[in-house]
Number of protein chains: 2
Amino acid sequence: MALIVEKYGGTSVGDVERINHVADKVATSRESGNDMVVVVSAMSGETNRLLELAREINCEAPARELDVLLSTGEQVTIALLSMALHRRGFDARSYTGGQVHIRTDSVHGRARILDIEDARVRNDLANGRVVVVAGFQGVDEDRNITTLGRGGSDTTAVAMAAALNADECRIYTDVDGVYTADPRIVPEARRLDRITDEEMLELASLGSKILQTRSVEFAGKYRVPLRVLSSFEESPGTLITYEEPSMEQPMISGIAYNKDEAKLTIRGIPDEPGIAYRILGPISEAHVNVDMIVQNVGADGTTDLTFTVHRNDYEKSLDILKKTAVELKARDVGGDNNIAKISVVGVGMRSHAGIATTMFQALANEGINIQMISTSEIKISVVVEDKYLELGVRTLHKAFGLENSDES
Amino acid sequence: MALIVEKYGGTSVGDVERINHVADKVATSRESGNDMVVVVSAMSGETNRLLELAREINCEAPARELDVLLSTGEQVTIALLSMALHRRGFDARSYTGGQVHIRTDSVHGRARILDIEDARVRNDLANGRVVVVAGFQGVDEDRNITTLGRGGSDTTAVAMAAALNADECRIYTDVDGVYTADPRIVPEARRLDRITDEEMLELASLGSKILQTRSVEFAGKYRVPLRVLSSFEESPGTLITYEEPSMEQPMISGIAYNKDEAKLTIRGIPDEPGIAYRILGPISEAHVNVDMIVQNVGADGTTDLTFTVHRNDYEKSLDILKKTAVELKARDVGGDNNIAKISVVGVGMRSHAGIATTMFQALANEGINIQMISTSEIKISVVVEDKYLELGVRTLHKAFGLENSDES
């Protein structure tokens with residue numbers, strides 16, 4: 001008998017019909033002999049309805065009170081799902097974050113989980129009950145209600161699974177797993193049966209937003225077997241693992257992309273210590289996140305620095321950079337917001353040479369010019385003109401044979 | 001500096017505009033130097049919306065889960081009111097029943113308050129904060145969420161006032177106090193400045209439904225100074241006191257009525273011990289509440305018994321009574337659902353003779369026939385044909401000079 005934690009997001013519990021559907025799925029898991037803990041989000045639309053009420057009353061509402069307000073969303077869902085399970089003959093008990101004692105720090109709106117008291121849940125499971133837990137919420141030391149921020153229900157599920165040493169944590173979403181590339185761009189893209197947590201993090205942060213990054217980090221820390229699957233289709237989904245790559249591990253797991261970035265370049269600046277800080281400091285102070293940073297040494301004792309920001313921050317960043325250029329007596333400043341970033345991700349990359357060569361050659365064969373390159377241990381990213389995005393992704397998917405890989 | 005507990009019901013916090021209005025009223029009380037604790041209900045309509053969701057999912061939803069669901073209603077209101085107070089520059093903190101630790105028994109849906117931990121609230125008040133508490137809810141020993149039943153927010157307010165030894169508990173409603181009679185029937189009816197808790201109980205249970213009976217009992221037990229006043233008009237309302245009546249106490253405080261009852265009579269039954277039980281037992285088993293009961297000794301060793309029930313239970317009760325009549329070999333069974341009950345209430349009645357005489361004579365002068373009479377220490381009730389309701393109430397209001405009384 002396995003202990004399974006299942007998590008259903010807002011869309012999966014969006015109305016009475018869908019809550020009944022989730023109850024059916026939980027019932028099936030329970031009837032197959034598993035101990036079941038179910039974590040749910042607020043019904044889709046409910047959080048926005050509550051935020052709108054708050055905004056009408058106080059557009060600068062204190063974070064503590066926003067948490068009291070928003071946490072009602074999941075509380076409604078746990079009660080309704082529990083009722084639906086009772087209707088199917090299961091003894092179910094619902095718990096708020098405070099009741100199951102998900103203790104967090106006191107940072108309202110984006111609290112972090114510190115620990116969970118598991119005694120009560122274990123007692124319910126031992127008595128054959130299905131336990132239904134409100135995601136996204138907890139209480140601080142003084143029992144003030146806190147919330148974990150949007151998407152925090154994933155983290156709740158992983159934390160419950162870690163605290164209970166669950167056999168598997170299943171995150172039900174509106175996609176049926178992690179793919180080798182976006183199927184809208186690459187029709188031959190294949191669902192991965194397995195992926196490592198590091199690859200998942202790279203893929204998630206690169207735009208394949210399926211799981212909240214924090215929940216994957218959390219799962220990795222506690223080695224929680226995490227599975228992403230669809231609440232609407234029958235499919236085994238994708239299992240996130242923490243194993244070292246084996247010899248048979250494919251070199252590349254998938255191709256990610258991001259078309260929300262813009263590129264800025266400052267040229268002819270003094271090549272001296274602290275120069276990167278003097279350029280990027282003012283950008284950061286304006287609360288602009290910088291993604292890729294590339295610096296090359298020039299020939300004449302000067303250097304060039306190029307970085308990317310979110311496309312929405314492009315104009316603002318360009319203005320700041322122009323001021324910095326005057327101060328540093330830079331030669332010139334340039335920018336481009338018609339770019340796209342394409343990345344190949346895979347833990348196998350660590351032990352295999354030649355990935356970069358294959359990547360650059362494949363793109364060159366299609367006449368795609370590479371404007372920037374950035375690498376990490378398990379990822380190579382390139383920036384290209386944005387009109388080449390789809391062609392680039394398809395080309396790389398094929399170049400690494402992702403449509404054929406056979407995974408164990 | 002006084003400590004005041006104020007309670008606002010669902011209509012008073014029914015939308016954003018009204019919540020802002022309540023915040024203005026609380027702000028005024030606070031600015032006049034009072035320590036403030038505010039108890040609120042769910043926004044009007046919210047409880048029914050939640051019940052409808054539950055009904056769609058499970059029409060026999062377990063009471064524990066209904067409480068988890070319904071308690072979100074007040075939680076939304078406390079957060080919004082707290083935000084509205086912050087907007088006005090007040091440091092406010094909201095608490096659910098569980099957080100302020102209103103400990104109840106485990107009877108979900110109609111739990112009774114056992115005790116309240118006041119340390120946290122006192123600490124907030126000492127720091128100049130306005131404390132906003134969710135009415136209607138608590139937690140049992142195992143921190144399961146409980147609700148006190150409809151109207152339970154009044155009880156929460158009184159219990160908070162008792163626990164904090166508050167100087168006054170103000171219940172804001174849609175009427176501006178307790179009247180000598182229903183102003184819709186008696187235009188000269190006068191708002192009472194003061195009324196005793198016993199009188200309030202008799203008036204409330206007789207149809208002037210302003211406060212939940214339980215909350216008045218609770219207030220009486222702990223001698224909480226309780227004031228009923230309007231959240232829509234400026235008026236001092238009516239203060240409920242626990243003093244013994246003074247010499248100047250008017251004999252009669254008010255005239256109450258109830259036109260929701262029906263009368264049933266069984267005649268010619270054996271006048272022997274246990275007969276009332278054999279007649280009323282089956283009625284009670286059918287979950288019908290009996291109000292007035294009158295039994296007279298007949299001349300021939302038999303007796304008659306008449307009682308009243310809610311008009312909605314008339315047909316059901318009559319069917320049951322007919323079966324009982326066969327078993328008891330009663331002479332006959334009769335009923336009438338065109339009746340009204342009129343009562344005069346007043347603690348002064350205890351020390352004054354002649355109240356009944358004045359009452360019966362006044363009704364006789366108007367040709368109103370009395371069908372039943374029932375008395376308590378501070379109340380005389382009569383049943384009359386329902387077409388005489390308004391005339392009867394006006395006649396008695398005048399007969400006892402209620403339009404002229406001058407209260408201190």
# chains A, B, ... in the order shown; residues from 1 in each chain; ligands from 1
>>> interface_residues(of="chain B", to="chain A", cutoff="10 Å", atoms="only C-alpha atoms", output="VMD selection string")
chain B and resid 15 to 17 19 to 20 50 53 to 88 91 to 96 98 to 100 120 142 to 145
>>> residues_around(residues="Gly346 of chain A", least_positions_apart="2", cutoff="9 Å", atoms="only C-alpha atoms", output="list in words")
Ile195, Thr196, Glu198, Glu199, Glu202, Pro250, Met251, Ile252, Ser253, Gly254, Val344, Gly348, Met349, Arg350, Glu377, Ile378 and Lys379 of chain A
>>> write_last_selection(atoms="C-alpha atoms", output="compact mmCIF listing (two decimals), in the first residue's frame")
# COMPACT_ATOMS: atom_id res chain seq x y z
CA ILE A 195 13.39 14.00 -16.35
CA THR A 196 15.84 15.03 -13.64
CA GLU A 198 17.88 19.94 -12.63
CA GLU A 199 16.60 19.58 -16.17
CA GLU A 202 16.15 24.66 -16.51
CA PRO A 250 20.02 10.70 -23.50
CA MET A 251 22.36 13.63 -23.84
CA ILE A 252 19.61 16.14 -24.37
CA SER A 253 16.17 16.05 -22.74
CA GLY A 254 14.49 18.92 -24.47
CA VAL A 344 19.07 22.75 -25.26
CA GLY A 348 23.83 14.04 -20.22
CA MET A 349 25.60 17.07 -21.59
CA ARG A 350 28.04 16.98 -18.65
CA GLU A 377 26.55 22.65 -16.89
CA ILE A 378 23.33 21.20 -18.30
CA LYS A 379 22.22 23.89 -20.74
>>> select_by_dssp(residues="segment 45-293 of chain B", states="alpha helix (DSSP H)", output="ChimeraX atom specification")
/B:46-57,63-87,119-126,152-164,197-205,213-222,275-285
>>> atom_distance(atom1="atom CA of Leu363 of chain B", atom2="atom CA of Gln295 of chain B")
22.5 Å
>>> residues_around(residues="Ile283 of chain A", least_positions_apart="6", cutoff="8 Å", atoms="only C-alpha atoms", output="JSON, numbers by chain")
{"A": [289, 317, 320, 321]}
>>> closest_residue(among="A:Leu264, A:Ile116, A:Val186, A:Ile275", to="Val158 of chain A", atoms="only C-alpha atoms")
A:Ile116
>>> atom_distance(atom1="atom CA of Leu391 of chain B", atom2="atom CA of Gly335 of chain B")
23.3 Å
>>> select_by_dssp(residues="segment 159-323 of chain B", states="strand (DSSP E)", output="PDB file with N, CA and C atoms, in the first residue's frame")
ATOM      1  N   GLU B 168     -19.623  47.632  27.183  1.00  0.00           N
ATOM      2  CA  GLU B 168     -20.901  47.528  26.473  1.00  0.00           C
ATOM      3  C   GLU B 168     -20.719  46.657  25.242  1.00  0.00           C
ATOM      4  N   CYS B 169     -21.771  45.898  24.931  1.00  0.00           N
ATOM      5  CA  CYS B 169     -21.810  45.099  23.704  1.00  0.00           C
ATOM      6  C   CYS B 169     -22.935  45.655  22.848  1.00  0.00           C
ATOM      7  N   ARG B 170     -22.580  46.173  21.675  1.00  0.00           N
ATOM      8  CA  ARG B 170     -23.572  46.814  20.817  1.00  0.00           C
ATOM      9  C   ARG B 170     -23.891  45.926  19.621  1.00  0.00           C
ATOM     10  N   ILE B 171     -25.144  45.542  19.515  1.00  0.00           N
ATOM     11  CA  ILE B 171     -25.575  44.705  18.394  1.00  0.00           C
ATOM     12  C   ILE B 171     -26.271  45.601  17.372  1.00  0.00           C
ATOM     13  N   TYR B 172     -25.620  45.796  16.222  1.00  0.00           N
ATOM     14  CA  TYR B 172     -26.219  46.636  15.175  1.00  0.00           C
ATOM     15  C   TYR B 172     -27.105  45.775  14.276  1.00  0.00           C
ATOM     16  N   THR B 173     -28.332  46.226  14.093  1.00  0.00           N
ATOM     17  CA  THR B 173     -29.279  45.459  13.288  1.00  0.00           C
ATOM     18  C   THR B 173     -29.950  46.403  12.301  1.00  0.00           C
ATOM     19  N   ARG B 194     -34.655  51.251  27.793  1.00  0.00           N
ATOM     20  CA  ARG B 194     -34.125  50.126  28.540  1.00  0.00           C
ATOM     21  C   ARG B 194     -35.150  49.015  28.586  1.00  0.00           C
ATOM     22  N   ILE B 195     -34.673  47.807  28.738  1.00  0.00           N
ATOM     23  CA  ILE B 195     -35.554  46.653  28.894  1.00  0.00           C
ATOM     24  C   ILE B 195     -34.755  45.613  29.675  1.00  0.00           C
ATOM     25  N   THR B 196     -35.414  44.794  30.476  1.00  0.00           N
ATOM     26  CA  THR B 196     -34.655  43.766  31.190  1.00  0.00           C
ATOM     27  C   THR B 196     -34.433  42.570  30.270  1.00  0.00           C
ATOM     28  N   LEU B 226     -25.902  45.035  27.158  1.00  0.00           N
ATOM     29  CA  LEU B 226     -26.148  44.734  25.747  1.00  0.00           C
ATOM     30  C   LEU B 226     -27.037  45.837  25.176  1.00  0.00           C
ATOM     31  N   ARG B 227     -26.643  46.384  24.039  1.00  0.00           N
ATOM     32  CA  ARG B 227     -27.442  47.445  23.437  1.00  0.00           C
ATOM     33  C   ARG B 227     -27.786  47.047  22.004  1.00  0.00           C
ATOM     34  N   VAL B 228     -29.061  47.186  21.654  1.00  0.00           N
ATOM     35  CA  VAL B 228     -29.514  46.915  20.286  1.00  0.00           C
ATOM     36  C   VAL B 228     -29.685  48.240  19.585  1.00  0.00           C
ATOM     37  N   LEU B 229     -29.029  48.412  18.451  1.00  0.00           N
ATOM     38  CA  LEU B 229     -29.212  49.674  17.741  1.00  0.00           C
ATOM     39  C   LEU B 229     -29.056  49.491  16.237  1.00  0.00           C
ATOM     40  N   SER B 230     -29.426  50.529  15.478  1.00  0.00           N
ATOM     41  CA  SER B 230     -29.476  50.413  14.028  1.00  0.00           C
ATOM     42  C   SER B 230     -28.149  50.779  13.406  1.00  0.00           C
ATOM     43  N   THR B 238     -31.731  50.487  22.278  1.00  0.00           N
ATOM     44  CA  THR B 238     -32.311  50.003  23.536  1.00  0.00           C
ATOM     45  C   THR B 238     -31.245  49.237  24.312  1.00  0.00           C
ATOM     46  N   LEU B 239     -31.097  49.585  25.581  1.00  0.00           N
ATOM     47  CA  LEU B 239     -30.117  48.907  26.436  1.00  0.00           C
ATOM     48  C   LEU B 239     -30.814  47.800  27.221  1.00  0.00           C
ATOM     49  N   ILE B 240     -30.235  46.623  27.178  1.00  0.00           N
ATOM     50  CA  ILE B 240     -30.791  45.500  27.940  1.00  0.00           C
ATOM     51  C   ILE B 240     -30.082  45.438  29.284  1.00  0.00           C
ATOM     52  N   THR B 241     -30.872  45.501  30.353  1.00  0.00           N
ATOM     53  CA  THR B 241     -30.298  45.574  31.701  1.00  0.00           C
ATOM     54  C   THR B 241     -30.669  44.342  32.510  1.00  0.00           C
ATOM     55  N   GLY B 254     -44.032  46.006  26.773  1.00  0.00           N
ATOM     56  CA  GLY B 254     -44.415  45.981  25.380  1.00  0.00           C
ATOM     57  C   GLY B 254     -45.449  44.917  25.063  1.00  0.00           C
ATOM     58  N   ILE B 255     -45.953  45.027  23.857  1.00  0.00           N
ATOM     59  CA  ILE B 255     -46.955  44.086  23.358  1.00  0.00           C
ATOM     60  C   ILE B 255     -46.331  43.314  22.204  1.00  0.00           C
ATOM     61  N   ALA B 256     -46.286  42.020  22.317  1.00  0.00           N
ATOM     62  CA  ALA B 256     -45.728  41.191  21.252  1.00  0.00           C
ATOM     63  C   ALA B 256     -46.847  40.407  20.582  1.00  0.00           C
ATOM     64  N   TYR B 257     -46.567  39.914  19.372  1.00  0.00           N
ATOM     65  CA  TYR B 257     -47.581  39.075  18.720  1.00  0.00           C
ATOM     66  C   TYR B 257     -46.900  38.024  17.868  1.00  0.00           C
ATOM     67  N   ASN B 258     -47.675  37.049  17.504  1.00  0.00           N
ATOM     68  CA  ASN B 258     -47.175  35.985  16.637  1.00  0.00           C
ATOM     69  C   ASN B 258     -48.352  35.473  15.832  1.00  0.00           C
ATOM     70  N   GLU B 261     -48.787  30.801  14.143  1.00  0.00           N
ATOM     71  CA  GLU B 261     -49.138  29.580  14.849  1.00  0.00           C
ATOM     72  C   GLU B 261     -50.502  29.028  14.429  1.00  0.00           C
ATOM     73  N   ALA B 262     -50.706  27.768  14.753  1.00  0.00           N
ATOM     74  CA  ALA B 262     -51.997  27.119  14.545  1.00  0.00           C
ATOM     75  C   ALA B 262     -52.341  26.379  15.839  1.00  0.00           C
ATOM     76  N   LYS B 263     -53.602  26.146  16.042  1.00  0.00           N
ATOM     77  CA  LYS B 263     -54.093  25.600  17.311  1.00  0.00           C
ATOM     78  C   LYS B 263     -54.713  24.232  17.074  1.00  0.00           C
ATOM     79  N   LEU B 264     -54.436  23.264  17.929  1.00  0.00           N
ATOM     80  CA  LEU B 264     -55.036  21.933  17.799  1.00  0.00           C
ATOM     81  C   LEU B 264     -55.641  21.539  19.147  1.00  0.00           C
ATOM     82  N   THR B 265     -56.801  20.890  19.077  1.00  0.00           N
ATOM     83  CA  THR B 265     -57.496  20.505  20.310  1.00  0.00           C
ATOM     84  C   THR B 265     -57.924  19.049  20.231  1.00  0.00           C
ATOM     85  N   ILE B 266     -57.735  18.335  21.327  1.00  0.00           N
ATOM     86  CA  ILE B 266     -58.261  16.966  21.436  1.00  0.00           C
ATOM     87  C   ILE B 266     -59.187  16.964  22.649  1.00  0.00           C
ATOM     88  N   ARG B 267     -60.382  16.480  22.442  1.00  0.00           N
ATOM     89  CA  ARG B 267     -61.402  16.586  23.488  1.00  0.00           C
ATOM     90  C   ARG B 267     -61.858  15.200  23.945  1.00  0.00           C
ATOM     91  N   GLY B 268     -62.317  15.163  25.217  1.00  0.00           N
ATOM     92  CA  GLY B 268     -62.893  13.928  25.753  1.00  0.00           C
ATOM     93  C   GLY B 268     -61.863  12.824  25.895  1.00  0.00           C
ATOM     94  N   ILE B 269     -60.731  13.143  26.489  1.00  0.00           N
ATOM     95  CA  ILE B 269     -59.709  12.129  26.734  1.00  0.00           C
ATOM     96  C   ILE B 269     -59.699  11.794  28.219  1.00  0.00           C
ATOM     97  N   PRO B 270     -59.282  10.584  28.586  1.00  0.00           N
ATOM     98  CA  PRO B 270     -59.268  10.185  29.999  1.00  0.00           C
ATOM     99  C   PRO B 270     -58.384  11.131  30.816  1.00  0.00           C
ATOM    100  N   VAL B 290     -43.821  22.514  20.003  1.00  0.00           N
ATOM    101  CA  VAL B 290     -45.110  22.934  20.565  1.00  0.00           C
ATOM    102  C   VAL B 290     -44.865  24.196  21.381  1.00  0.00           C
ATOM    103  N   ASP B 291     -45.750  25.200  21.220  1.00  0.00           N
ATOM    104  CA  ASP B 291     -45.568  26.439  21.981  1.00  0.00           C
ATOM    105  C   ASP B 291     -46.481  26.447  23.204  1.00  0.00           C
ATOM    106  N   MET B 292     -47.714  26.939  23.066  1.00  0.00           N
ATOM    107  CA  MET B 292     -48.623  27.003  24.210  1.00  0.00           C
ATOM    108  C   MET B 292     -49.281  25.650  24.435  1.00  0.00           C
ATOM    109  N   ILE B 293     -49.511  25.304  25.696  1.00  0.00           N
ATOM    110  CA  ILE B 293     -50.267  24.087  26.025  1.00  0.00           C
ATOM    111  C   ILE B 293     -51.268  24.457  27.120  1.00  0.00           C
ATOM    112  N   VAL B 294     -52.526  24.120  26.910  1.00  0.00           N
ATOM    113  CA  VAL B 294     -53.558  24.416  27.902  1.00  0.00           C
ATOM    114  C   VAL B 294     -54.389  23.163  28.125  1.00  0.00           C
ATOM    115  N   GLN B 295     -54.584  22.823  29.371  1.00  0.00           N
ATOM    116  CA  GLN B 295     -55.411  21.651  29.668  1.00  0.00           C
ATOM    117  C   GLN B 295     -56.450  22.044  30.718  1.00  0.00           C
ATOM    118  N   ASN B 296     -57.700  21.642  30.489  1.00  0.00           N
ATOM    119  CA  ASN B 296     -58.767  21.921  31.451  1.00  0.00           C
ATOM    120  C   ASN B 296     -59.372  20.615  31.936  1.00  0.00           C
ATOM    121  N   VAL B 297     -59.781  20.617  33.172  1.00  0.00           N
ATOM    122  CA  VAL B 297     -60.475  19.430  33.670  1.00  0.00           C
ATOM    123  C   VAL B 297     -61.945  19.499  33.252  1.00  0.00           C
ATOM    124  N   THR B 302     -63.350  13.231  32.042  1.00  0.00           N
ATOM    125  CA  THR B 302     -62.477  13.386  30.875  1.00  0.00           C
ATOM    126  C   THR B 302     -61.947  14.812  30.867  1.00  0.00           C
ATOM    127  N   THR B 303     -61.018  15.047  29.964  1.00  0.00           N
ATOM    128  CA  THR B 303     -60.418  16.379  29.894  1.00  0.00           C
ATOM    129  C   THR B 303     -60.184  16.748  28.430  1.00  0.00           C
ATOM    130  N   ASP B 304     -59.861  18.036  28.202  1.00  0.00           N
ATOM    131  CA  ASP B 304     -59.526  18.527  26.857  1.00  0.00           C
ATOM    132  C   ASP B 304     -58.105  19.077  26.901  1.00  0.00           C
ATOM    133  N   LEU B 305     -57.389  18.951  25.801  1.00  0.00           N
ATOM    134  CA  LEU B 305     -56.046  19.528  25.734  1.00  0.00           C
ATOM    135  C   LEU B 305     -55.909  20.292  24.420  1.00  0.00           C
ATOM    136  N   THR B 306     -55.432  21.528  24.530  1.00  0.00           N
ATOM    137  CA  THR B 306     -55.223  22.364  23.346  1.00  0.00           C
ATOM    138  C   THR B 306     -53.765  22.814  23.322  1.00  0.00           C
ATOM    139  N   PHE B 307     -53.185  22.808  22.139  1.00  0.00           N
ATOM    140  CA  PHE B 307     -51.792  23.301  22.029  1.00  0.00           C
ATOM    141  C   PHE B 307     -51.614  23.994  20.689  1.00  0.00           C
ATOM    142  N   THR B 308     -50.517  24.767  20.613  1.00  0.00           N
ATOM    143  CA  THR B 308     -50.239  25.464  19.353  1.00  0.00           C
ATOM    144  C   THR B 308     -48.894  24.999  18.783  1.00  0.00           C
ATOM    145  N   VAL B 309     -48.842  25.000  17.440  1.00  0.00           N
ATOM    146  CA  VAL B 309     -47.608  24.636  16.716  1.00  0.00           C
ATOM    147  C   VAL B 309     -47.393  25.690  15.628  1.00  0.00           C
ATOM    148  N   HIS B 310     -46.230  25.644  14.974  1.00  0.00           N
ATOM    149  CA  HIS B 310     -46.021  26.547  13.844  1.00  0.00           C
ATOM    150  C   HIS B 310     -47.015  26.199  12.740  1.00  0.00           C
TER     151      HIS B 310
END
>>> residues_around(residues="Ile113 of chain A", least_positions_apart="3", cutoff="12 Å", atoms="only C-alpha atoms", output="number ranges by chain")
A: 97-98, 101-108, 110, 116-117, 135-141, 146-149, 152-153, 155-160, 162-163, 214-215, 218
>>> atom_distance(atom1="atom CA of Glu390 of chain B", atom2="atom CA of Gly367 of chain B")
13.5 Å
